[in-house]
Number of protein chains: 2
Amino acid sequence: MSISQQEASFSRRLDADLVQNPVYTGVERAILEQRLPPGTRLAETDLADFYGVSRTIVRTGLQALAHSHLVTLRPNRGASVANPSPREAREVFEARELLEPRSAREAALRAGRADVRALRLHAQEEHEAMSSNESGRALRLSGRFHVMIAQIANQRTIAEIIENLVSRSSLIIALYWTRSSTRCDEGCHNALIDAMERNDAVEAEELMRSHLVELHSALRFDIGDSSNKTLKDMLSQ
Amino acid sequence: MSISQQEASFSRRLDADLVQNPVYTGVERAILEQRLPPGTRLAETDLADFYGVSRTIVRTGLQALAHSHLVTLRPNRGASVANPSPREAREVFEARELLEPRSAREAALRAGRADVRALRLHAQEEHEAMSSNESGRALRLSGRFHVMIAQIANQRTIAEIIENLVSRSSLIIALYWTRSSTRCDEGCHNALIDAMERNDAVEAEELMRSHLVELHSALRFDIGDSSNKTLKDMLSQ
DNA sequence: GAGTTCAAGATTGTATACGTTTTCAATAAA
DNA sequence: TTTATTGAAAACGTATACAATCTTGAACTC
């Protein structure tokens, strides 16, 4: 037995493994882009065939996604895309409203020229996705914007929590979103970047808070869903 | 393909699987009780032999622990007990200081007779563990006390986050704790229970805040560790 | 004696085999 | 028509085999 003196792993080692797992990355992206709606069954063999790997790899990926609450595993019944309850949906947004405004405030204090440039570039990408009607991609990028801010705040532990909450929000939006457009995002995100550029912490915090309240208020907890595309259709591109 | 209308899974399905995984439960407990110090190598075969299961089960358990940051996985190099950096240690306590006081406030508002009784019973157990010099067990129970409060607050999403931060605190304390005793806990926890019993939200919040600040301030980030017990020694009982 | 090389052993990564459970549709009974 | 039964097919749970990678230490060079 030996005690290893490990270097401060600045990004989880775990990730190194997972980003190379095509099931993890592929299914995660498909969920974030709402190509895989909540409840979709994820049969191990189908995924193994689609990604050309063994069930071993599939299970590793699904287990990781289950830890993030993006996938639900039921003993002897396999995996399906998570189906967050109204309660969970409310809780996730409550947690975001607690964590993200503070994160935005800290980010505003720390944001440098490079950070602001990256944010503007990202907002541009979001805009293009919206314009070209790639609403799934737009939604994923919109979530990623929130994660970027959490990362600028330089508190990795909280940034990771926020990243998870943001991911789950894609499922929540798929289930409970009422409005047709996410046009609001564009203005909100740009206003946030402006506040960051001015290092206006108070304004950034307030903008983030009201942005989240607005998102939250656009959810209605009394809806179902259905469709009958095949798993392969939804995973492809 | 089918869309399943799932019941609101009130506890994660995932858990159902994991509590039956002896590697997950055994190693987690050993870490929380500081029988497995940070950095300890966790060879798959050793664990498989010890728990009498195949490596498949071992890997599932280790992967779950890695997701909780209790274990570090390095590709081709296996698993070891996580070794949180000073930065991570600080961040975990910052996050706790952000989340737990608010959680305690909410818990104080909601705490009923049964909750208070359960907390007192638990504090008693903690006390007994301390008295009989089972400091590992005492530490685990002390962490569990914080989780119980988060659960009373009735916000499962945040309670789960807190549970994870509390678990990681055991490793952080193993690495960076300076004081010899955790006597403080006893008074602090009892005072918290009293506030809960009076449904005094403001007091509960402040007590929790100061309790965490005190814990945090007892950490010093310039220490190492070493030992040469065998893995089997540390896992046993 | 310090450092390097390299092969044997140990350990992890992945695929697959096989037993068990679940699912589903065909059949039979009510 | 509806409900129950049942058995074959499909899917999951676990163990294990084998390949790839890493570790270790002895032999060798400088």
# chains A, B, ... in the order shown; residues from 1 in each chain; ligands from 1
>>> closest_atom_pairs(of="chain B", to="chain D", cutoff="9 Å", atoms="only C-alpha atoms (C1' of nucleotides)", output="JSON lines")
{"residue": "B:Val53", "atom": "CA", "partner": "D:DA15", "partner_atom": "C1'", "distance": 8.8}
{"residue": "B:Ser54", "atom": "CA", "partner": "D:DA15", "partner_atom": "C1'", "distance": 6.2}
{"residue": "B:Arg55", "atom": "CA", "partner": "D:DA15", "partner_atom": "C1'", "distance": 8.3}
{"residue": "B:Thr56", "atom": "CA", "partner": "D:DT14", "partner_atom": "C1'", "distance": 7.0}
{"residue": "B:Ile57", "atom": "CA", "partner": "D:DT14", "partner_atom": "C1'", "distance": 7.8}
{"residue": "B:Asn76", "atom": "CA", "partner": "D:DT21", "partner_atom": "C1'", "distance": 6.4}
{"residue": "B:Arg77", "atom": "CA", "partner": "D:DC22", "partner_atom": "C1'", "distance": 7.2}
>>> interface_residues(of="chain B", to="chain C", cutoff="9 Å", atoms="only C-alpha atoms (C1' of nucleotides)", output="PDB file with C-alpha atoms, in the first residue's frame")
ATOM      1  CA  ALA B  43      -6.525  -1.733  -6.348  1.00  0.00           C
ATOM      2  CA  GLU B  44      -9.491  -3.380  -8.031  1.00  0.00           C
ATOM      3  CA  THR B  45      -8.387  -6.920  -7.310  1.00  0.00           C
ATOM      4  CA  PRO B  75      -6.605   6.273 -16.670  1.00  0.00           C
ATOM      5  CA  ASN B  76      -4.558   3.080 -16.602  1.00  0.00           C
ATOM      6  CA  ARG B  77      -3.459   3.877 -13.070  1.00  0.00           C
ATOM      7  CA  GLY B  78      -6.466   2.882 -11.100  1.00  0.00           C
TER       8      GLY B  78
END
>>> select_by_dssp(residues="stretch 19-231 of chain A", states="strand (DSSP E)", output="count of residues only")
10
>>> residues_around(residues="A:Gly61", least_positions_apart="4", cutoff="7 Å", atoms="only C-alpha atoms (C1' of nucleotides)", output="short mmCIF file (atom, residue, chain, number, x, y, z; two decimals) with C-alpha atoms, in the first residue's frame")
data_model
loop_
_atom_site.label_atom_id
_atom_site.label_comp_id
_atom_site.auth_asym_id
_atom_site.auth_seq_id
_atom_site.Cartn_x
_atom_site.Cartn_y
_atom_site.Cartn_z
CA ASN A 21 -16.58 7.88 -23.87
CA VAL A 23 -21.82 7.32 -25.18
CA TYR A 24 -21.36 9.87 -22.45
CA ILE A 57 -18.58 1.32 -22.27
CA LEU A 65 -25.11 10.44 -16.79
#
>>> atom_distance(atom1="atom CA of B:Pro84", atom2="atom CA of A:Thr72")
29.0 Å
>>> select_by_dssp(residues="chain B", states="helix (DSSP H, G or I)", output="PyMOL selection string")
chain B and resi 13-18+22-32+44-51+55-67+86-110+113-131+135-152+156-176+183-197+201-217+231-235
>>> atom_distance(atom1="atom CA of A:Leu171", atom2="atom CA of A:Asn190")
24.3 Å
>>> closest_residue(among="A:Ser103, A:Gln155, A:Gln20, A:Ser135", to="chain B", atoms="only C-alpha atoms")
A:Gln155
>>> closest_residue(among="A:Ile158, A:Val116, A:Arg144, A:Ala107", to="chain B", atoms="only C-alpha atoms")
A:Ile158
>>> decode(residues="stretch 107-140 of chain A", atoms="N, CA and C atoms", output="PDB file, in the first residue's frame")
ATOM      1  N   ALA A 107     -17.870  36.869 -10.750  1.00  0.00           N
ATOM      2  CA  ALA A 107     -17.316  36.859 -12.105  1.00  0.00           C
ATOM      3  C   ALA A 107     -17.102  38.276 -12.611  1.00  0.00           C
ATOM      4  N   ALA A 108     -18.055  39.157 -12.313  1.00  0.00           N
ATOM      5  CA  ALA A 108     -17.936  40.542 -12.776  1.00  0.00           C
ATOM      6  C   ALA A 108     -16.679  41.190 -12.197  1.00  0.00           C
ATOM      7  N   LEU A 109     -16.374  40.848 -10.955  1.00  0.00           N
ATOM      8  CA  LEU A 109     -15.186  41.423 -10.324  1.00  0.00           C
ATOM      9  C   LEU A 109     -13.902  40.922 -10.985  1.00  0.00           C
ATOM     10  N   ARG A 110     -13.936  39.673 -11.426  1.00  0.00           N
ATOM     11  CA  ARG A 110     -12.718  39.044 -11.929  1.00  0.00           C
ATOM     12  C   ARG A 110     -12.566  39.112 -13.437  1.00  0.00           C
ATOM     13  N   ALA A 111     -13.652  39.384 -14.159  1.00  0.00           N
ATOM     14  CA  ALA A 111     -13.623  39.264 -15.617  1.00  0.00           C
ATOM     15  C   ALA A 111     -12.564  40.177 -16.249  1.00  0.00           C
ATOM     16  N   GLY A 112     -11.707  39.598 -17.054  1.00  0.00           N
ATOM     17  CA  GLY A 112     -10.687  40.373 -17.770  1.00  0.00           C
ATOM     18  C   GLY A 112     -11.067  40.519 -19.231  1.00  0.00           C
ATOM     19  N   ARG A 113     -10.205  41.225 -19.985  1.00  0.00           N
ATOM     20  CA  ARG A 113     -10.453  41.414 -21.411  1.00  0.00           C
ATOM     21  C   ARG A 113     -10.732  40.090 -22.125  1.00  0.00           C
ATOM     22  N   ALA A 114      -9.913  39.098 -21.853  1.00  0.00           N
ATOM     23  CA  ALA A 114     -10.042  37.810 -22.553  1.00  0.00           C
ATOM     24  C   ALA A 114     -11.374  37.148 -22.239  1.00  0.00           C
ATOM     25  N   ASP A 115     -11.780  37.247 -20.964  1.00  0.00           N
ATOM     26  CA  ASP A 115     -13.052  36.648 -20.573  1.00  0.00           C
ATOM     27  C   ASP A 115     -14.199  37.289 -21.338  1.00  0.00           C
ATOM     28  N   VAL A 116     -14.191  38.624 -21.367  1.00  0.00           N
ATOM     29  CA  VAL A 116     -15.272  39.342 -22.037  1.00  0.00           C
ATOM     30  C   VAL A 116     -15.293  38.979 -23.521  1.00  0.00           C
ATOM     31  N   ARG A 117     -14.109  38.895 -24.112  1.00  0.00           N
ATOM     32  CA  ARG A 117     -14.059  38.535 -25.537  1.00  0.00           C
ATOM     33  C   ARG A 117     -14.665  37.151 -25.753  1.00  0.00           C
ATOM     34  N   ALA A 118     -14.290  36.207 -24.903  1.00  0.00           N
ATOM     35  CA  ALA A 118     -14.820  34.846 -25.048  1.00  0.00           C
ATOM     36  C   ALA A 118     -16.334  34.835 -24.906  1.00  0.00           C
ATOM     37  N   LEU A 119     -16.833  35.607 -23.967  1.00  0.00           N
ATOM     38  CA  LEU A 119     -18.282  35.665 -23.765  1.00  0.00           C
ATOM     39  C   LEU A 119     -18.982  36.244 -24.996  1.00  0.00           C
ATOM     40  N   ARG A 120     -18.407  37.316 -25.554  1.00  0.00           N
ATOM     41  CA  ARG A 120     -19.032  37.944 -26.731  1.00  0.00           C
ATOM     42  C   ARG A 120     -19.030  36.972 -27.918  1.00  0.00           C
ATOM     43  N   LEU A 121     -17.915  36.284 -28.080  1.00  0.00           N
ATOM     44  CA  LEU A 121     -17.819  35.300 -29.150  1.00  0.00           C
ATOM     45  C   LEU A 121     -18.895  34.237 -28.976  1.00  0.00           C
ATOM     46  N   HIS A 122     -19.038  33.807 -27.735  1.00  0.00           N
ATOM     47  CA  HIS A 122     -20.011  32.767 -27.448  1.00  0.00           C
ATOM     48  C   HIS A 122     -21.427  33.266 -27.725  1.00  0.00           C
ATOM     49  N   ALA A 123     -21.709  34.493 -27.295  1.00  0.00           N
ATOM     50  CA  ALA A 123     -23.051  35.058 -27.520  1.00  0.00           C
ATOM     51  C   ALA A 123     -23.337  35.141 -29.018  1.00  0.00           C
ATOM     52  N   GLN A 124     -22.302  35.446 -29.773  1.00  0.00           N
ATOM     53  CA  GLN A 124     -22.442  35.507 -31.228  1.00  0.00           C
ATOM     54  C   GLN A 124     -22.849  34.142 -31.782  1.00  0.00           C
ATOM     55  N   GLU A 125     -22.183  33.104 -31.284  1.00  0.00           N
ATOM     56  CA  GLU A 125     -22.504  31.739 -31.717  1.00  0.00           C
ATOM     57  C   GLU A 125     -23.955  31.399 -31.386  1.00  0.00           C
ATOM     58  N   GLU A 126     -24.338  31.764 -30.155  1.00  0.00           N
ATOM     59  CA  GLU A 126     -25.734  31.562 -29.741  1.00  0.00           C
ATOM     60  C   GLU A 126     -26.672  32.231 -30.736  1.00  0.00           C
ATOM     61  N   HIS A 127     -26.338  33.486 -31.050  1.00  0.00           N
ATOM     62  CA  HIS A 127     -27.178  34.261 -31.959  1.00  0.00           C
ATOM     63  C   HIS A 127     -27.316  33.554 -33.308  1.00  0.00           C
ATOM     64  N   GLU A 128     -26.188  33.063 -33.818  1.00  0.00           N
ATOM     65  CA  GLU A 128     -26.216  32.385 -35.120  1.00  0.00           C
ATOM     66  C   GLU A 128     -27.061  31.121 -35.072  1.00  0.00           C
ATOM     67  N   ALA A 129     -26.938  30.391 -33.968  1.00  0.00           N
ATOM     68  CA  ALA A 129     -27.744  29.168 -33.843  1.00  0.00           C
ATOM     69  C   ALA A 129     -29.229  29.516 -33.870  1.00  0.00           C
ATOM     70  N   MET A 130     -29.587  30.577 -33.141  1.00  0.00           N
ATOM     71  CA  MET A 130     -30.980  31.022 -33.144  1.00  0.00           C
ATOM     72  C   MET A 130     -31.425  31.403 -34.554  1.00  0.00           C
ATOM     73  N   SER A 131     -30.623  32.231 -35.211  1.00  0.00           N
ATOM     74  CA  SER A 131     -30.983  32.724 -36.544  1.00  0.00           C
ATOM     75  C   SER A 131     -31.212  31.588 -37.522  1.00  0.00           C
ATOM     76  N   SER A 132     -30.368  30.573 -37.439  1.00  0.00           N
ATOM     77  CA  SER A 132     -30.483  29.488 -38.410  1.00  0.00           C
ATOM     78  C   SER A 132     -31.417  28.398 -37.910  1.00  0.00           C
ATOM     79  N   ASN A 133     -32.225  28.765 -36.929  1.00  0.00           N
ATOM     80  CA  ASN A 133     -33.267  27.855 -36.449  1.00  0.00           C
ATOM     81  C   ASN A 133     -32.770  26.549 -35.847  1.00  0.00           C
ATOM     82  N   GLU A 134     -31.524  26.539 -35.362  1.00  0.00           N
ATOM     83  CA  GLU A 134     -31.022  25.359 -34.676  1.00  0.00           C
ATOM     84  C   GLU A 134     -31.333  25.536 -33.192  1.00  0.00           C
ATOM     85  N   SER A 135     -32.576  25.383 -32.833  1.00  0.00           N
ATOM     86  CA  SER A 135     -32.988  25.753 -31.477  1.00  0.00           C
ATOM     87  C   SER A 135     -32.346  24.840 -30.429  1.00  0.00           C
ATOM     88  N   GLY A 136     -32.113  23.570 -30.771  1.00  0.00           N
ATOM     89  CA  GLY A 136     -31.449  22.675 -29.836  1.00  0.00           C
ATOM     90  C   GLY A 136     -30.050  23.171 -29.532  1.00  0.00           C
ATOM     91  N   ARG A 137     -29.320  23.480 -30.590  1.00  0.00           N
ATOM     92  CA  ARG A 137     -27.952  23.970 -30.399  1.00  0.00           C
ATOM     93  C   ARG A 137     -27.975  25.285 -29.632  1.00  0.00           C
ATOM     94  N   ALA A 138     -28.915  26.127 -29.949  1.00  0.00           N
ATOM     95  CA  ALA A 138     -29.021  27.412 -29.248  1.00  0.00           C
ATOM     96  C   ALA A 138     -29.238  27.195 -27.757  1.00  0.00           C
ATOM     97  N   LEU A 139     -30.096  26.248 -27.428  1.00  0.00           N
ATOM     98  CA  LEU A 139     -30.370  25.988 -26.012  1.00  0.00           C
ATOM     99  C   LEU A 139     -29.112  25.497 -25.299  1.00  0.00           C
ATOM    100  N   ARG A 140     -28.394  24.578 -25.948  1.00  0.00           N
ATOM    101  CA  ARG A 140     -27.174  24.061 -25.323  1.00  0.00           C
ATOM    102  C   ARG A 140     -26.162  25.183 -25.114  1.00  0.00           C
TER     103      ARG A 140
END
